[in-house]
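query14.tsv follows (TSV, N, CA and C atoms):
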chain	number	residue	atom	x	y	z
A	1	MET	N	60.87	121.15	105.20
A	1	MET	CA	62.26	120.76	105.43
A	1	MET	C	62.78	121.49	106.66
A	2	THR	N	63.44	120.77	107.58
A	2	THR	CA	64.03	121.41	108.73
A	2	THR	C	65.33	122.10	108.33
A	3	ASN	N	65.85	122.92	109.22
A	3	ASN	CA	67.02	123.71	108.89
A	3	ASN	C	68.30	122.91	108.67
A	4	ASN	N	68.38	121.71	109.20
A	4	ASN	CA	69.65	120.99	109.06
A	4	ASN	C	69.53	119.68	108.31
A	5	THR	N	68.63	119.63	107.36
A	5	THR	CA	68.50	118.41	106.57
A	5	THR	C	68.45	118.75	105.09
A	6	SER	N	68.74	117.76	104.30
A	6	SER	CA	68.62	117.93	102.86
A	6	SER	C	67.21	117.51	102.43
A	7	ASN	N	66.88	117.75	101.18
A	7	ASN	CA	65.57	117.37	100.67
A	7	ASN	C	65.32	115.87	100.76
A	8	ASN	N	66.37	115.06	100.74
A	8	ASN	CA	66.22	113.61	100.77
A	8	ASN	C	65.98	113.08	102.18
A	9	ASN	N	66.08	113.91	103.19
A	9	ASN	CA	65.97	113.45	104.57
A	9	ASN	C	64.98	114.31	105.36
A	10	LEU	N	63.84	114.58	104.78
A	10	LEU	CA	62.84	115.41	105.44
A	10	LEU	C	62.53	114.86	106.83
A	11	GLY	N	62.52	115.74	107.80
A	11	GLY	CA	62.18	115.36	109.15
A	11	GLY	C	63.32	114.78	109.96
A	12	LYS	N	64.45	114.50	109.36
A	12	LYS	CA	65.59	113.95	110.09
A	12	LYS	C	66.49	115.08	110.57
A	13	LEU	N	67.06	114.88	111.75
A	13	LEU	CA	68.01	115.82	112.32
A	13	LEU	C	69.38	115.16	112.37
A	14	HIS	N	70.41	115.95	112.19
A	14	HIS	CA	71.77	115.44	112.17
A	14	HIS	C	72.59	116.09	113.28
A	15	TYR	N	73.43	115.27	113.89
A	15	TYR	CA	74.30	115.73	114.97
A	15	TYR	C	75.69	115.17	114.80
A	16	MET	N	76.67	115.97	115.23
A	16	MET	CA	78.05	115.53	115.30
A	16	MET	C	78.33	115.22	116.76
A	17	LEU	N	78.84	114.01	117.02
A	17	LEU	CA	79.22	113.62	118.37
A	17	LEU	C	80.74	113.56	118.44
A	18	LYS	N	81.29	114.13	119.48
A	18	LYS	CA	82.75	114.10	119.70
A	18	LYS	C	82.99	113.43	121.04
A	19	SER	N	83.70	112.30	121.01
A	19	SER	CA	84.01	111.56	122.23
A	19	SER	C	85.48	111.73	122.57
A	20	THR	N	85.73	112.11	123.81
A	20	THR	CA	87.09	112.36	124.27
A	20	THR	C	87.55	111.24	125.18
A	21	PRO	N	88.71	110.64	124.87
A	21	PRO	CA	89.24	109.57	125.70
A	21	PRO	C	89.88	110.13	126.97
A	22	PRO	N	90.24	109.24	127.90
A	22	PRO	CA	90.78	109.70	129.18
A	22	PRO	C	92.20	110.26	129.10
A	23	ARG	N	92.92	109.96	128.00
A	23	ARG	CA	94.30	110.45	127.86
A	23	ARG	C	94.66	110.46	126.37
A	24	VAL	N	95.64	111.29	126.02
A	24	VAL	CA	96.05	111.44	124.62
A	24	VAL	C	96.56	110.12	124.05
A	25	SER	N	97.22	109.33	124.86
A	25	SER	CA	97.83	108.08	124.39
A	25	SER	C	96.87	106.89	124.44
A	26	PHE	N	95.60	107.12	124.72
A	26	PHE	CA	94.63	106.06	124.95
A	26	PHE	C	94.61	104.99	123.86
A	27	HIS	N	94.61	105.41	122.60
A	27	HIS	CA	94.52	104.43	121.50
A	27	HIS	C	95.77	103.56	121.41
A	28	GLN	N	96.85	103.95	122.07
A	28	GLN	CA	98.10	103.19	122.04
A	28	GLN	C	98.33	102.36	123.29
A	29	ASP	N	97.73	102.76	124.41
A	29	ASP	CA	98.09	102.09	125.67
A	29	ASP	C	96.88	101.67	126.51
A	30	MET	N	95.80	101.29	125.84
A	30	MET	CA	94.62	100.83	126.57
A	30	MET	C	94.96	99.60	127.41
A	31	THR	N	94.35	99.54	128.57
A	31	THR	CA	94.45	98.32	129.37
A	31	THR	C	93.57	97.27	128.73
A	32	GLU	N	93.69	96.03	129.18
A	32	GLU	CA	92.83	94.97	128.64
A	32	GLU	C	91.36	95.28	128.92
A	33	GLU	N	91.07	95.78	130.11
A	33	GLU	CA	89.69	96.14	130.46
A	33	GLU	C	89.18	97.26	129.55
A	34	GLU	N	89.99	98.29	129.33
A	34	GLU	CA	89.59	99.39	128.45
A	34	GLU	C	89.38	98.89	127.02
A	35	ARG	N	90.24	98.00	126.57
A	35	ARG	CA	90.10	97.46	125.21
A	35	ARG	C	88.78	96.70	125.07
A	36	ASN	N	88.42	95.91	126.07
A	36	ASN	CA	87.15	95.18	126.04
A	36	ASN	C	85.96	96.14	126.01
A	37	ILE	N	86.04	97.20	126.80
A	37	ILE	CA	84.97	98.21	126.79
A	37	ILE	C	84.88	98.86	125.41
A	38	MET	N	86.03	99.16	124.82
A	38	MET	CA	86.02	99.80	123.50
A	38	MET	C	85.48	98.86	122.43
A	39	LEU	N	85.69	97.56	122.58
A	39	LEU	CA	85.08	96.61	121.63
A	39	LEU	C	83.56	96.64	121.74
A	40	HIS	N	83.05	96.77	122.96
A	40	HIS	CA	81.59	96.91	123.15
A	40	HIS	C	81.10	98.25	122.58
A	41	HIS	N	81.92	99.28	122.74
A	41	HIS	CA	81.62	100.61	122.19
A	41	HIS	C	81.49	100.51	120.66
A	42	ILE	N	82.43	99.83	120.02
A	42	ILE	CA	82.39	99.66	118.56
A	42	ILE	C	81.17	98.85	118.15
A	43	ASP	N	80.88	97.78	118.89
A	43	ASP	CA	79.68	96.98	118.60
A	43	ASP	C	78.41	97.82	118.72
A	44	TYR	N	78.36	98.66	119.75
A	44	TYR	CA	77.19	99.52	119.99
A	44	TYR	C	76.97	100.44	118.79
A	45	TRP	N	78.02	101.13	118.34
A	45	TRP	CA	77.86	102.07	117.24
A	45	TRP	C	77.69	101.36	115.90
A	46	THR	N	78.24	100.16	115.76
A	46	THR	CA	77.99	99.38	114.54
A	46	THR	C	76.51	99.02	114.46
A	47	ASP	N	75.93	98.65	115.59
A	47	ASP	CA	74.49	98.37	115.63
A	47	ASP	C	73.69	99.62	115.25
A	48	LYS	N	74.11	100.78	115.76
A	48	LYS	CA	73.41	102.03	115.42
A	48	LYS	C	73.58	102.35	113.93
A	49	GLN	N	74.73	102.00	113.38
A	49	GLN	CA	74.94	102.20	111.94
A	49	GLN	C	74.02	101.28	111.14
A	50	ASN	N	73.90	100.05	111.58
A	50	ASN	CA	73.02	99.09	110.90
A	50	ASN	C	71.55	99.52	110.98
A	51	GLN	N	71.20	100.27	112.01
A	51	GLN	CA	69.83	100.79	112.17
A	51	GLN	C	69.62	102.08	111.38
A	52	GLY	N	70.68	102.62	110.78
A	52	GLY	CA	70.57	103.86	110.02
A	52	GLY	C	70.70	105.11	110.87
A	53	ILE	N	71.12	104.96	112.11
A	53	ILE	CA	71.27	106.11	113.01
A	53	ILE	C	72.66	106.72	112.86
A	54	ALA	N	73.70	105.91	112.99
A	54	ALA	CA	75.07	106.40	112.82
A	54	ALA	C	75.41	106.33	111.34
A	55	LEU	N	75.62	107.48	110.73
A	55	LEU	CA	75.97	107.52	109.31
A	55	LEU	C	77.43	107.17	109.12
A	56	VAL	N	78.26	107.62	110.05
A	56	VAL	CA	79.70	107.33	110.05
A	56	VAL	C	80.19	107.49	111.48
A	57	PHE	N	81.18	106.69	111.86
A	57	PHE	CA	81.79	106.85	113.17
A	57	PHE	C	83.19	106.27	113.15
A	58	GLY	N	84.03	106.75	114.04
A	58	GLY	CA	85.38	106.19	114.15
A	58	GLY	C	86.32	107.15	114.84
A	59	PRO	N	87.56	106.68	115.06
A	59	PRO	CA	88.55	107.52	115.74
A	59	PRO	C	89.14	108.56	114.79
A	60	VAL	N	89.45	109.71	115.36
A	60	VAL	CA	90.17	110.77	114.66
A	60	VAL	C	91.56	110.80	115.30
A	61	LEU	N	92.58	110.45	114.53
A	61	LEU	CA	93.92	110.28	115.08
A	61	LEU	C	94.73	111.57	115.03
A	62	ASN	N	94.18	112.60	115.61
A	62	ASN	CA	94.89	113.87	115.77
A	62	ASN	C	95.94	113.65	116.87
A	63	PRO	N	97.24	113.77	116.57
A	63	PRO	CA	98.27	113.46	117.56
A	63	PRO	C	98.15	114.25	118.87
A	64	SER	N	97.70	115.48	118.79
A	64	SER	CA	97.62	116.30	120.01
A	64	SER	C	96.26	116.24	120.69
A	65	ALA	N	95.24	115.75	120.00
A	65	ALA	CA	93.90	115.69	120.59
A	65	ALA	C	93.07	114.59	119.93
A	66	PRO	N	93.47	113.32	120.10
A	66	PRO	CA	92.67	112.25	119.49
A	66	PRO	C	91.28	112.20	120.10
A	67	HIS	N	90.32	111.80	119.28
A	67	HIS	CA	88.94	111.71	119.77
A	67	HIS	C	88.14	110.83	118.82
A	68	GLY	N	86.96	110.47	119.25
A	68	GLY	CA	86.03	109.75	118.41
A	68	GLY	C	85.06	110.73	117.78
A	69	LEU	N	84.57	110.39	116.60
A	69	LEU	CA	83.64	111.25	115.89
A	69	LEU	C	82.52	110.38	115.34
A	70	ALA	N	81.31	110.86	115.45
A	70	ALA	CA	80.17	110.20	114.82
A	70	ALA	C	79.25	111.26	114.23
A	71	ILE	N	78.68	110.95	113.10
A	71	ILE	CA	77.63	111.76	112.52
A	71	ILE	C	76.38	110.89	112.59
A	72	ILE	N	75.36	111.39	113.26
A	72	ILE	CA	74.14	110.60	113.45
A	72	ILE	C	72.94	111.31	112.84
A	73	GLU	N	71.93	110.51	112.53
A	73	GLU	CA	70.68	111.00	111.98
A	73	GLU	C	69.56	110.47	112.86
A	74	VAL	N	68.77	111.39	113.43
A	74	VAL	CA	67.72	111.01	114.38
A	74	VAL	C	66.41	111.73	114.05
A	75	GLU	N	65.35	111.27	114.68
A	75	GLU	CA	64.04	111.88	114.51
A	75	GLU	C	63.88	113.14	115.34
A	76	ASN	N	64.51	113.16	116.55
A	76	ASN	CA	64.38	114.31	117.44
A	76	ASN	C	65.60	114.42	118.34
A	77	GLU	N	65.82	115.61	118.86
A	77	GLU	CA	67.00	115.88	119.68
A	77	GLU	C	67.03	115.05	120.96
A	78	GLU	N	65.88	114.67	121.48
A	78	GLU	CA	65.82	113.90	122.73
A	78	GLU	C	66.50	112.54	122.59
A	79	GLN	N	66.61	112.03	121.38
A	79	GLN	CA	67.28	110.74	121.17
A	79	GLN	C	68.79	110.83	121.43
A	80	VAL	N	69.37	111.98	121.21
A	80	VAL	CA	70.83	112.10	121.25
A	80	VAL	C	71.41	111.82	122.65
A	81	PRO	N	70.94	112.49	123.71
A	81	PRO	CA	71.51	112.18	125.03
A	81	PRO	C	71.31	110.71	125.44
A	82	LYS	N	70.21	110.12	125.01
A	82	LYS	CA	69.96	108.70	125.32
A	82	LYS	C	70.97	107.81	124.61
A	83	LEU	N	71.24	108.09	123.33
A	83	LEU	CA	72.24	107.31	122.59
A	83	LEU	C	73.60	107.41	123.27
A	84	ILE	N	73.96	108.61	123.68
A	84	ILE	CA	75.25	108.81	124.35
A	84	ILE	C	75.28	108.09	125.69
A	85	ALA	N	74.22	108.23	126.48
A	85	ALA	CA	74.17	107.64	127.81
A	85	ALA	C	74.25	106.12	127.78
A	86	GLU	N	73.84	105.49	126.67
A	86	GLU	CA	73.87	104.04	126.56
A	86	GLU	C	75.15	103.50	125.91
A	87	ASP	N	76.04	104.38	125.49
A	87	ASP	CA	77.31	103.98	124.90
A	87	ASP	C	78.16	103.31	125.99
A	88	PRO	N	78.61	102.08	125.78
A	88	PRO	CA	79.39	101.38	126.80
A	88	PRO	C	80.63	102.13	127.28
A	89	ALA	N	81.28	102.89	126.43
A	89	ALA	CA	82.46	103.66	126.84
A	89	ALA	C	82.07	104.81	127.76
A	90	VAL	N	80.91	105.38	127.54
A	90	VAL	CA	80.40	106.45	128.41
A	90	VAL	C	79.94	105.85	129.73
A	91	VAL	N	79.21	104.74	129.65
A	91	VAL	CA	78.74	104.05	130.86
A	91	VAL	C	79.92	103.71	131.76
A	92	ALA	N	81.01	103.23	131.16
A	92	ALA	CA	82.19	102.82	131.93
A	92	ALA	C	83.02	104.01	132.42
A	93	GLY	N	82.72	105.19	131.93
A	93	GLY	CA	83.44	106.38	132.37
A	93	GLY	C	84.78	106.59	131.69
A	94	ILE	N	85.02	105.92	130.55
A	94	ILE	CA	86.31	106.14	129.88
A	94	ILE	C	86.21	107.09	128.69
A	95	MET	N	85.02	107.50	128.35
A	95	MET	CA	84.81	108.50	127.29
A	95	MET	C	83.79	109.51	127.78
A	96	THR	N	84.00	110.75	127.41
A	96	THR	CA	82.97	111.77	127.58
A	96	THR	C	82.57	112.20	126.16
A	97	THR	N	81.30	112.46	125.98
A	97	THR	CA	80.82	112.78	124.63
A	97	THR	C	79.98	114.04	124.67
A	98	GLU	N	80.30	114.92	123.74
A	98	GLU	CA	79.50	116.14	123.55
A	98	GLU	C	78.88	116.05	122.16
A	99	PHE	N	77.82	116.82	121.94
A	99	PHE	CA	77.17	116.78	120.63
A	99	PHE	C	76.72	118.16	120.21
A	100	TYR	N	76.66	118.31	118.88
A	100	TYR	CA	76.28	119.59	118.28
A	100	TYR	C	75.39	119.33	117.07
A	101	PRO	N	74.38	120.16	116.87
A	101	PRO	CA	73.55	120.00	115.67
A	101	PRO	C	74.37	120.31	114.42
A	102	MET	N	74.01	119.67	113.33
A	102	MET	CA	74.67	119.87	112.04
A	102	MET	C	73.66	120.24	110.98
A	103	LYS	N	74.09	121.01	110.03
A	103	LYS	CA	73.29	121.26	108.84
A	103	LYS	C	73.87	120.34	107.77
A	104	ALA	N	73.54	119.06	107.90
A	104	ALA	CA	74.12	118.04	107.02
A	104	ALA	C	73.50	118.07	105.64
A	105	ILE	N	74.31	117.86	104.66
A	105	ILE	CA	73.87	117.70	103.29
A	105	ILE	C	74.15	116.24	102.93
A	106	ILE	N	73.11	115.46	102.84
A	106	ILE	CA	73.21	114.03	102.59
A	106	ILE	C	72.72	113.75	101.19
A	107	LYS	N	73.58	113.23	100.35
A	107	LYS	CA	73.18	112.88	99.00
A	107	LYS	C	72.97	111.37	98.94
A	108	LYS	N	71.75	110.99	98.59
A	108	LYS	CA	71.44	109.56	98.53
A	108	LYS	C	71.15	109.15	97.13

Before anything else, please render the file you have as structure tokens.
Amino acid sequence: MTNNTSNNNLGKLHYMLKSTPPRVSFHQDMTEEERNIMLHHIDYWTDKQNQGIALVFGPVLNPSAPHGLAIIEVENEEQVPKLIAEDPAVVAGIMTTEFYPMKAIIKK
């Protein structure tokens, strides 16, 4: 068992992704272009959820620091920067994403 997995997920690694929008008011005042990019962003992470990679994802509506959050499960750390780099919101330059390893406890 690796250090950040439960017995039910041997060999899997878990990461927390935090995506920061370009401004605090972003979720309220997106342009039409930004909204279209964010729809692609949601489709992208929904696909990753359907593949079993994204365990949960969505916006965190902290009034002073809104951001996106995802908990992902991967085979190796090298997958994480690739997943982020292919996110349409990151590609478009409207989100920046950082990631941190997690010691996730997943009950299945």

*asked:* Using only N, CA and C atoms, which protein or nucleic acid residues come within 6 Å of segment 39-53 of chain A? Drop anything in the same chain fewer than 6 positions from it, and give the result as a ChimeraX atom specification.
replied: /A:71-74,87-89

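Distance-wise, atom CA of Pro66 of chain A and atom CA of His14 of chain A end up 22.4 Å apart.
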
For Arg23 of chain A, the closest of A:Val56, A:Met95, A:Glu77, A:Ile105 counting only C-alpha atoms is A:Met95

### Task
Would you kindly return, as a list in words, each protein, DNA or RNA residue with an atom no farther than 6.5 Å from any atom of Phe99 of chain A, considering only N, CA and C atoms and excluding same-chain residues fewer than 4 positions away?
Tyr15, Met16, Leu17 and Lys18 of chain A

Practice problem: Assign secondary structure with DSSP using the backbone only, and return the residues of segment 9-104 of chain A in alpha helix (DSSP H) as a ChimeraX atom specification. | Solution: /A:26-29,32-50,79-85,88-91

Item to complete: Using atom CA of Ile94 of chain A and atom N of Ile37 of chain A as the two end points, give the distance in Å to one decimal.
Response: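 Taking atom CA of Ile94 of chain A and atom N of Ile37 of chain A, their separation equals 9.5 Å.
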
Could you jot down the atom N of Glu33 of chain A to atom C of Thr96 of chain A separation for me, Å, one decimal place?
->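 Interatomic distance, atom N of Glu33 of chain A to atom C of Thr96 of chain A: 18.9 Å.
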
One residue among A:Val24, A:Met38, A:Ala104, A:Val91 is nearest to Ser64 of chain A when using all atoms listed in the file, and that residue is A:Val24

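With only N, CA and C atoms as the atoms that count, the minimum distance from Pro21 of chain A to the choices A:Pro59, A:His67, A:Arg35, A:Glu78 is reached by A:His67.
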
**OP:** Apply DSSP to the backbone of this structure and, from chain A, keep only the residues in strand (DSSP E or B); write these as a PyMOL selection string.
**Re:** chain A and resi 13-20+54-60+67-74+96-102

- prompt: Which residue gives the smallest distance to Thr97 of chain A among A:Asn62, A:Asn36, A:Gln28, A:Thr20, with only N, CA and C atoms counted?
  reply: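 Nearest to Thr97 of chain A: A:Thr20.
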
Will you model all heavy atoms for segment 10-21 of chain A and pass it back as a CSV table (one decimal), keeping the file's coordinate frame?
chain,number,residue,atom,x,y,z
A,10,LEU,N,63.8,114.6,104.8
A,10,LEU,CA,62.8,115.4,105.4
A,10,LEU,C,62.5,114.9,106.8
A,10,LEU,O,62.3,113.7,107.0
A,10,LEU,CB,61.6,115.5,104.6
A,10,LEU,CG,61.7,116.3,103.3
A,10,LEU,CD1,60.4,116.2,102.5
A,10,LEU,CD2,62.0,117.8,103.6
A,11,GLY,N,62.5,115.7,107.8
A,11,GLY,CA,62.2,115.4,109.2
A,11,GLY,C,63.3,114.8,110.0
A,11,GLY,O,63.2,114.6,111.2
A,12,LYS,N,64.4,114.5,109.4
A,12,LYS,CA,65.6,114.0,110.1
A,12,LYS,C,66.5,115.1,110.6
A,12,LYS,O,66.7,116.1,109.9
A,12,LYS,CB,66.4,113.0,109.2
A,12,LYS,CG,65.6,111.8,108.7
A,12,LYS,CD,65.4,110.8,109.8
A,12,LYS,CE,64.8,109.5,109.2
A,12,LYS,NZ,64.8,108.4,110.2
A,13,LEU,N,67.1,114.9,111.8
A,13,LEU,CA,68.0,115.8,112.3
A,13,LEU,C,69.4,115.2,112.4
A,13,LEU,O,69.5,113.9,112.6
A,13,LEU,CB,67.6,116.2,113.7
A,13,LEU,CG,66.2,116.8,113.9
A,13,LEU,CD1,65.9,117.1,115.3
A,13,LEU,CD2,66.1,118.2,113.1
A,14,HIS,N,70.4,116.0,112.2
A,14,HIS,CA,71.8,115.4,112.2
A,14,HIS,C,72.6,116.1,113.3
A,14,HIS,O,72.5,117.3,113.5
A,14,HIS,CB,72.4,115.7,110.8
A,14,HIS,CG,71.7,115.0,109.7
A,14,HIS,ND1,70.6,115.6,109.0
A,14,HIS,CD2,71.8,113.7,109.2
A,14,HIS,CE1,70.2,114.7,108.2
A,14,HIS,NE2,70.9,113.6,108.3
A,15,TYR,N,73.4,115.3,113.9
A,15,TYR,CA,74.3,115.7,115.0
A,15,TYR,C,75.7,115.2,114.8
A,15,TYR,O,75.9,114.0,114.3
A,15,TYR,CB,73.7,115.3,116.3
A,15,TYR,CG,72.5,116.0,116.7
A,15,TYR,CD1,71.3,115.6,116.3
A,15,TYR,CD2,72.5,117.2,117.4
A,15,TYR,CE1,70.1,116.3,116.5
A,15,TYR,CE2,71.4,117.9,117.7
A,15,TYR,CZ,70.1,117.4,117.3
A,15,TYR,OH,69.0,118.1,117.6
A,16,MET,N,76.7,116.0,115.2
A,16,MET,CA,78.0,115.5,115.3
A,16,MET,C,78.3,115.2,116.8
A,16,MET,O,78.0,116.0,117.6
A,16,MET,CB,79.0,116.6,114.8
A,16,MET,CG,80.4,116.2,114.7
A,16,MET,SD,81.5,116.4,116.2
A,16,MET,CE,81.3,118.0,116.7
A,17,LEU,N,78.8,114.0,117.0
A,17,LEU,CA,79.2,113.6,118.4
A,17,LEU,C,80.7,113.6,118.4
A,17,LEU,O,81.4,113.0,117.5
A,17,LEU,CB,78.7,112.2,118.7
A,17,LEU,CG,77.2,112.1,119.1
A,17,LEU,CD1,76.3,112.6,118.1
A,17,LEU,CD2,76.9,110.7,119.5
A,18,LYS,N,81.3,114.1,119.5
A,18,LYS,CA,82.8,114.1,119.7
A,18,LYS,C,83.0,113.4,121.0
A,18,LYS,O,82.5,113.9,122.1
A,18,LYS,CB,83.3,115.5,119.7
A,18,LYS,CG,84.8,115.5,119.9
A,18,LYS,CD,85.4,116.9,119.9
A,18,LYS,CE,86.9,116.9,120.2
A,18,LYS,NZ,87.4,118.2,120.4
A,19,SER,N,83.7,112.3,121.0
A,19,SER,CA,84.0,111.6,122.2
A,19,SER,C,85.5,111.7,122.6
A,19,SER,O,86.3,111.5,121.7
A,19,SER,CB,83.7,110.1,122.0
A,19,SER,OG,82.3,109.9,121.8
A,20,THR,N,85.7,112.1,123.8
A,20,THR,CA,87.1,112.4,124.3
A,20,THR,C,87.6,111.2,125.2
A,20,THR,O,86.9,110.9,126.2
A,20,THR,CB,87.1,113.7,125.0
A,20,THR,OG1,86.6,114.7,124.1
A,20,THR,CG2,88.6,114.1,125.4
A,21,PRO,N,88.7,110.6,124.9
A,21,PRO,CA,89.2,109.6,125.7
A,21,PRO,C,89.9,110.1,127.0
A,21,PRO,O,90.1,111.3,127.1
A,21,PRO,CB,90.3,108.9,124.8
A,21,PRO,CG,90.8,110.0,123.9
A,21,PRO,CD,89.6,110.9,123.7
